[in-house]
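One structure is given here, and the rest of the page talks about it.
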Amino acid sequence: MLQEYHIMTNIDVKLKFYQDNGFPQEVCEYKLKLDEISGLNRDKKSSHKNKGKLLVHERIDLLVDEQSPFLELSQLAAYNQYDNNFPSAGIITGIGYIHGRETIIIANDATTKGGTYVKETIKKHLRAQEIALENNLACVYLVDSGGIFLPEQANVFPDKEDFGRIFYNQARLSAQNIPQISIVMGSCTAGGAYIPAMSDETIIVKNQGTIFLGGPPLVKAATGEEVSAEELGGGEMHTSQSGVADHLADDDHHAIEICRNIFKYIPIPKKSDYLKIKSNSSSNDIYNEIPIPGKYDKDVRKLIQHIVDDGLIDEFKVNYGNTLVTCFAQINGYKIGILANNGILFSESAQKGAHFIQLCNQRNIPMVFLQNITGFMVGKDYEKMGIAKDGAKMVNALANSKVPFFTIIIGGSYGAGNYAMGGRAFSPRLLFSWPSASISVMGPQQAADVLTTIKKDQEVKKGQSTSKEKLAEMRQNIINNFSKEASPYYATSRLWDDGIIDPADTRTVLTIGLSMAQNELNSKGDYGVFRM
């Protein structure tokens, strides 16, 4: 499920295929979008193959263990931006297994603008390194990149979370004794040259990979010297003279074989041993429980039962604050605490949530948040009851949580409910959305009501009035704009999550997350590995 790459050419045929296989409409649309981006750059992919190079997904498939999952992150990054010239933001990142060790893989796609970096590329690269640092995951960089996409340089070069942060992160990963291996399979130019130079071991492909701070045109312009790319930064020179690379490979296949051999000597972190139990439920049944964003006509408990082992939950405070379901359960044997919305958050449900978060921290149990939340209850009576301070308790408890937690946006994610239920600002280990998700400061209908009311009030104060037709038009424009920006595809394009997933994959995704989160962190040294 997590590692299928297929391209169908006819949209109607594709749609019928997915519908015939029982996927709901939202999931069909999601799969069509994945097919759309995988079909881009066909000519460049063909040219890439004609040079004897493997495509980026082929490289990853050979690198990871056979029959093991590869959890790709942010597949739709930069979707519907840059005229879709940067599918997946030109970089593939994800979590895979190499000789049984969970590993972050960061792979440039040279068929997308030469593997160059725009804002979303950098954001995606940095996010992958952040996941590696938090969870003690080894890193493999499959380098095939021309560096910064120069027309976008002002958006990717100078700021704190821009291109230079990649190398800062590499130094911190190395100081944490987290292994980093680079395979240079193509161009590696300018600042990008520091990626292999700052790795523990570097492999370079003969007559294909190049590493240099300035390419031949820049060298000629700066010094007048004429030199070929191979003479300036080819594999023979870097493995025999400069020492920037350690292993010379004949081709992509050989380079990946060398990398896998290196992993034979990389220790697997210690982790707790948990009993693994299979669930008896059919994963496709979960499609019947997909909620409408911000609606609560379905009991979220039924959805939870499709995710956890044997559908068994041990609920906490079942009769109190019942718009928030809190329960203990297991996923593939991993003990977890679940917080899931079954309505708007009232004072009681916020207090219950804060209490449950404290229990999970006291017992060292990871948490899973299932978000379908319109926010906290508003109104005079609720403000008098202290909804603000009760919501603050839950937010405070989560902000200071020590246990790992994961967030799945299954429906709406609106307002302060996004924060209290483990939103991006509170640093969940992983955050994924379902194709049914909707993310904004408030729902489109509520936003339209608020803004048209404000407009009418302003006009009353000025002694003016707007026709009902104009207000209706204004209201519809607001709904349309909010609906567009609340779309899960708008959100995932900008990396507000770690990607959209098929709801049927939720259990597998959480299992991978829980497994990696159990890795014990290494003792930190003063510095990492230096190239001498």
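Residue numbers start at 1 in each chain; chains themselves are named A, B, ... in the order of the structure tokens; ligands are numbered from 1 in the order shown.
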query = Could you name the residues that touch Ala447 of chain A at 9 Å or less, counting only C-alpha atoms, but leaving out those on the same chain fewer than 5 positions away, as a list in words?
reply = Val441, Met442, Thr452, Arg475, Ile478, Ile479 and Phe482 of chain A
inquiry  = Need to verify the contact set: Thr407 of chain A, 10 Å, only C-alpha atoms, exclusion of same-chain residues closer than 4 positions in sequence. Can you return it as a PyMOL selection string?
reply    = chain A and resi 338-340+367-371+421-424+427-433+497+510
ask   = Using only C-alpha atoms, which residues sit within 12 Å of Glu58 of chain A once same-chain residues fewer than 2 positions away are excluded, as a PyMOL selection string?
value = chain A and resi 3-5+45+49+53-56+60-64+92+107+109+142+252-253+256
ask   = How many Å separate atom CA of Thr202 of chain A from atom CA of Ile258 of chain A?
value =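 Calculated distance between atom CA of Thr202 of chain A and atom CA of Ile258 of chain A is 10.0 Å.
Note that atom CA of Ala128 of chain A and atom CA of Arg494 of chain A are 14.7 Å apart.
Closest approach to Val156 of chain A from the set A:Lys380, A:Lys119, A:Lys484, A:His125 is made by A:Lys119, with distances taken over only C-alpha atoms.
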Residues near segment 166-176 of chain A, cut-off 7 Å, only C-alpha atoms, skip fewer than 3 positions along chain, as a ChimeraX atom specification = /A:126,129,133,163,179,194-195,198,522-529
Please produce an output containing N, CA, C and O atoms for each residue in the selection, written as a tab-separated table (two decimals), in the first residue's frame.
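As written to disk, result_20.tsv reads:
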chain	number	residue	atom	x	y	z
A	126	LEU	N	14.47	19.83	5.28
A	126	LEU	CA	14.69	20.14	6.70
A	126	LEU	C	13.77	19.31	7.60
A	126	LEU	O	14.17	18.87	8.68
A	129	GLN	N	15.18	15.87	8.08
A	129	GLN	CA	16.29	15.88	9.04
A	129	GLN	C	15.78	16.02	10.47
A	129	GLN	O	16.34	15.42	11.40
A	133	LEU	N	16.51	13.51	13.60
A	133	LEU	CA	17.11	13.94	14.86
A	133	LEU	C	16.25	13.55	16.05
A	133	LEU	O	16.76	13.10	17.08
A	163	PHE	N	18.40	27.37	2.90
A	163	PHE	CA	19.31	26.33	2.41
A	163	PHE	C	20.43	25.99	3.39
A	163	PHE	O	20.76	24.82	3.60
A	179	PRO	N	24.15	8.32	12.13
A	179	PRO	CA	24.89	8.08	10.88
A	179	PRO	C	24.30	8.83	9.70
A	179	PRO	O	23.08	8.93	9.56
A	194	TYR	N	28.46	20.55	0.34
A	194	TYR	CA	28.70	20.25	1.75
A	194	TYR	C	27.90	19.04	2.23
A	194	TYR	O	28.21	18.47	3.28
A	195	ILE	N	26.86	18.65	1.50
A	195	ILE	CA	26.08	17.47	1.92
A	195	ILE	C	26.97	16.24	1.95
A	195	ILE	O	27.08	15.57	2.99
A	198	MET	N	29.97	16.66	4.52
A	198	MET	CA	29.65	16.58	5.95
A	198	MET	C	29.05	15.24	6.34
A	198	MET	O	28.61	15.08	7.48
A	522	ASN	N	21.20	8.51	21.16
A	522	ASN	CA	22.60	8.26	21.45
A	522	ASN	C	23.15	9.33	22.39
A	522	ASN	O	22.60	10.42	22.49
A	523	SER	N	24.22	8.99	23.06
A	523	SER	CA	24.90	10.00	23.86
A	523	SER	C	25.53	11.01	22.92
A	523	SER	O	26.09	10.65	21.87
A	524	LYS	N	25.45	12.28	23.27
A	524	LYS	CA	25.91	13.34	22.38
A	524	LYS	C	27.36	13.69	22.65
A	524	LYS	O	27.77	13.84	23.80
A	525	GLY	N	28.15	13.82	21.58
A	525	GLY	CA	29.52	14.28	21.72
A	525	GLY	C	29.62	15.77	21.47
A	525	GLY	O	28.63	16.44	21.19
A	526	ASP	N	30.82	16.31	21.57
A	526	ASP	CA	31.01	17.74	21.32
A	526	ASP	C	30.90	18.05	19.84
A	526	ASP	O	30.42	19.10	19.44
A	527	TYR	N	31.42	17.13	19.02
A	527	TYR	CA	31.41	17.32	17.57
A	527	TYR	C	31.07	16.00	16.91
A	527	TYR	O	31.10	14.93	17.52
A	528	GLY	N	30.76	16.09	15.63
A	528	GLY	CA	30.50	14.88	14.85
A	528	GLY	C	31.75	14.42	14.13
A	528	GLY	O	32.88	14.67	14.56
A	529	VAL	N	31.57	13.79	12.99
A	529	VAL	CA	32.67	13.26	12.19
A	529	VAL	C	33.22	14.36	11.29
A	529	VAL	O	32.47	15.01	10.56
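Secondary structure from DSSP on the backbone puts strand (DSSP E or B) at the following positions of segment 378-496 of chain A: Phe405, Phe406, Thr407, Ile408, Ile409, Ile410, Gly411, Gly412, Ser413, Tyr414, Leu430, Leu431, Phe432, Ser433, Ser438, Ile439 and Ser440 of chain A.
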Write the residues of the preceding selection, restricted to N, CA and C atoms, as a PDB file, in the first residue's frame.
ATOM      1  N   PHE A 405       4.115  11.926  20.308  1.00  0.00           N
ATOM      2  CA  PHE A 405       2.716  11.836  19.902  1.00  0.00           C
ATOM      3  C   PHE A 405       2.594  12.063  18.399  1.00  0.00           C
ATOM      4  N   PHE A 406       1.500  11.570  17.832  1.00  0.00           N
ATOM      5  CA  PHE A 406       1.260  11.564  16.403  1.00  0.00           C
ATOM      6  C   PHE A 406      -0.135  12.111  16.145  1.00  0.00           C
ATOM      7  N   THR A 407      -0.298  12.809  15.046  1.00  0.00           N
ATOM      8  CA  THR A 407      -1.576  13.435  14.747  1.00  0.00           C
ATOM      9  C   THR A 407      -2.056  13.035  13.356  1.00  0.00           C
ATOM     10  N   ILE A 408      -3.320  12.638  13.270  1.00  0.00           N
ATOM     11  CA  ILE A 408      -3.969  12.356  11.996  1.00  0.00           C
ATOM     12  C   ILE A 408      -5.169  13.297  11.893  1.00  0.00           C
ATOM     13  N   ILE A 409      -5.197  14.130  10.862  1.00  0.00           N
ATOM     14  CA  ILE A 409      -6.345  15.011  10.641  1.00  0.00           C
ATOM     15  C   ILE A 409      -7.350  14.238   9.791  1.00  0.00           C
ATOM     16  N   ILE A 410      -8.406  13.763  10.438  1.00  0.00           N
ATOM     17  CA  ILE A 410      -9.386  12.908   9.774  1.00  0.00           C
ATOM     18  C   ILE A 410     -10.557  13.707   9.214  1.00  0.00           C
ATOM     19  N   GLY A 411     -10.727  14.941   9.676  1.00  0.00           N
ATOM     20  CA  GLY A 411     -11.844  15.777   9.238  1.00  0.00           C
ATOM     21  C   GLY A 411     -11.445  17.230   9.291  1.00  0.00           C
ATOM     22  N   GLY A 412     -12.213  18.042  10.016  1.00  0.00           N
ATOM     23  CA  GLY A 412     -11.898  19.454  10.136  1.00  0.00           C
ATOM     24  C   GLY A 412     -10.815  19.707  11.176  1.00  0.00           C
ATOM     25  N   SER A 413     -10.019  20.735  10.928  1.00  0.00           N
ATOM     26  CA  SER A 413      -9.000  21.161  11.893  1.00  0.00           C
ATOM     27  C   SER A 413      -9.031  22.684  11.922  1.00  0.00           C
ATOM     28  N   TYR A 414      -9.884  23.210  12.821  1.00  0.00           N
ATOM     29  CA  TYR A 414     -10.184  24.635  12.806  1.00  0.00           C
ATOM     30  C   TYR A 414      -9.820  25.307  14.136  1.00  0.00           C
ATOM     31  N   LEU A 430       4.951  12.856  13.849  1.00  0.00           N
ATOM     32  CA  LEU A 430       4.457  12.817  12.470  1.00  0.00           C
ATOM     33  C   LEU A 430       3.047  13.370  12.469  1.00  0.00           C
ATOM     34  N   LEU A 431       2.680  14.074  11.395  1.00  0.00           N
ATOM     35  CA  LEU A 431       1.324  14.587  11.248  1.00  0.00           C
ATOM     36  C   LEU A 431       0.870  14.327   9.813  1.00  0.00           C
ATOM     37  N   PHE A 432      -0.177  13.537   9.668  1.00  0.00           N
ATOM     38  CA  PHE A 432      -0.709  13.226   8.340  1.00  0.00           C
ATOM     39  C   PHE A 432      -2.178  13.644   8.265  1.00  0.00           C
ATOM     40  N   SER A 433      -2.630  13.880   7.047  1.00  0.00           N
ATOM     41  CA  SER A 433      -4.025  14.219   6.795  1.00  0.00           C
ATOM     42  C   SER A 433      -4.675  13.129   5.952  1.00  0.00           C
ATOM     43  N   SER A 438      -9.782  19.188   6.300  1.00  0.00           N
ATOM     44  CA  SER A 438      -9.994  20.598   6.003  1.00  0.00           C
ATOM     45  C   SER A 438      -9.311  21.393   7.108  1.00  0.00           C
ATOM     46  N   ILE A 439      -8.435  22.330   6.734  1.00  0.00           N
ATOM     47  CA  ILE A 439      -7.592  23.012   7.721  1.00  0.00           C
ATOM     48  C   ILE A 439      -7.656  24.513   7.504  1.00  0.00           C
ATOM     49  N   SER A 440      -8.161  25.249   8.499  1.00  0.00           N
ATOM     50  CA  SER A 440      -8.156  26.715   8.425  1.00  0.00           C
ATOM     51  C   SER A 440      -8.496  27.284   9.793  1.00  0.00           C
TER      52      SER A 440
END
inquiry  = So that I can check the surroundings of Ala197 of chain A, please list as an MDAnalysis selection string every protein, DNA and RNA residue that reaches within 10 Å of it, counting only C-alpha atoms and ignoring chain neighbours fewer than 5 positions away.
reply    = chainID A and resid 167 182 192 202 211 243:245 530:531
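Using only C-alpha atoms, the smallest distance between any of A:Ile105, A:Leu324, A:Ile501, A:Leu345 and Glu26 of chain A comes from A:Ile501.
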task = Quick one: everything within 12 Å of Val509 of chain A, counting only C-alpha atoms, minus sequence neighbours fewer than 3 positions away in the same chain. Send it as a ChimeraX atom specification.
result = /A:1-3,69-73,94-96,307,331-332,368,406-408,429-433,498-506,512-516
ask   = So which residues touch Tyr320 of chain A within 10 Å, counting only C-alpha atoms, skipping near sequence neighbours fewer than 3 positions away, as a list of chain:residue names?
value = A:Phe316, A:Lys317, A:Thr323, A:Leu324, A:Val325, A:Glu348, A:Ser349, A:Gln351, A:Lys352
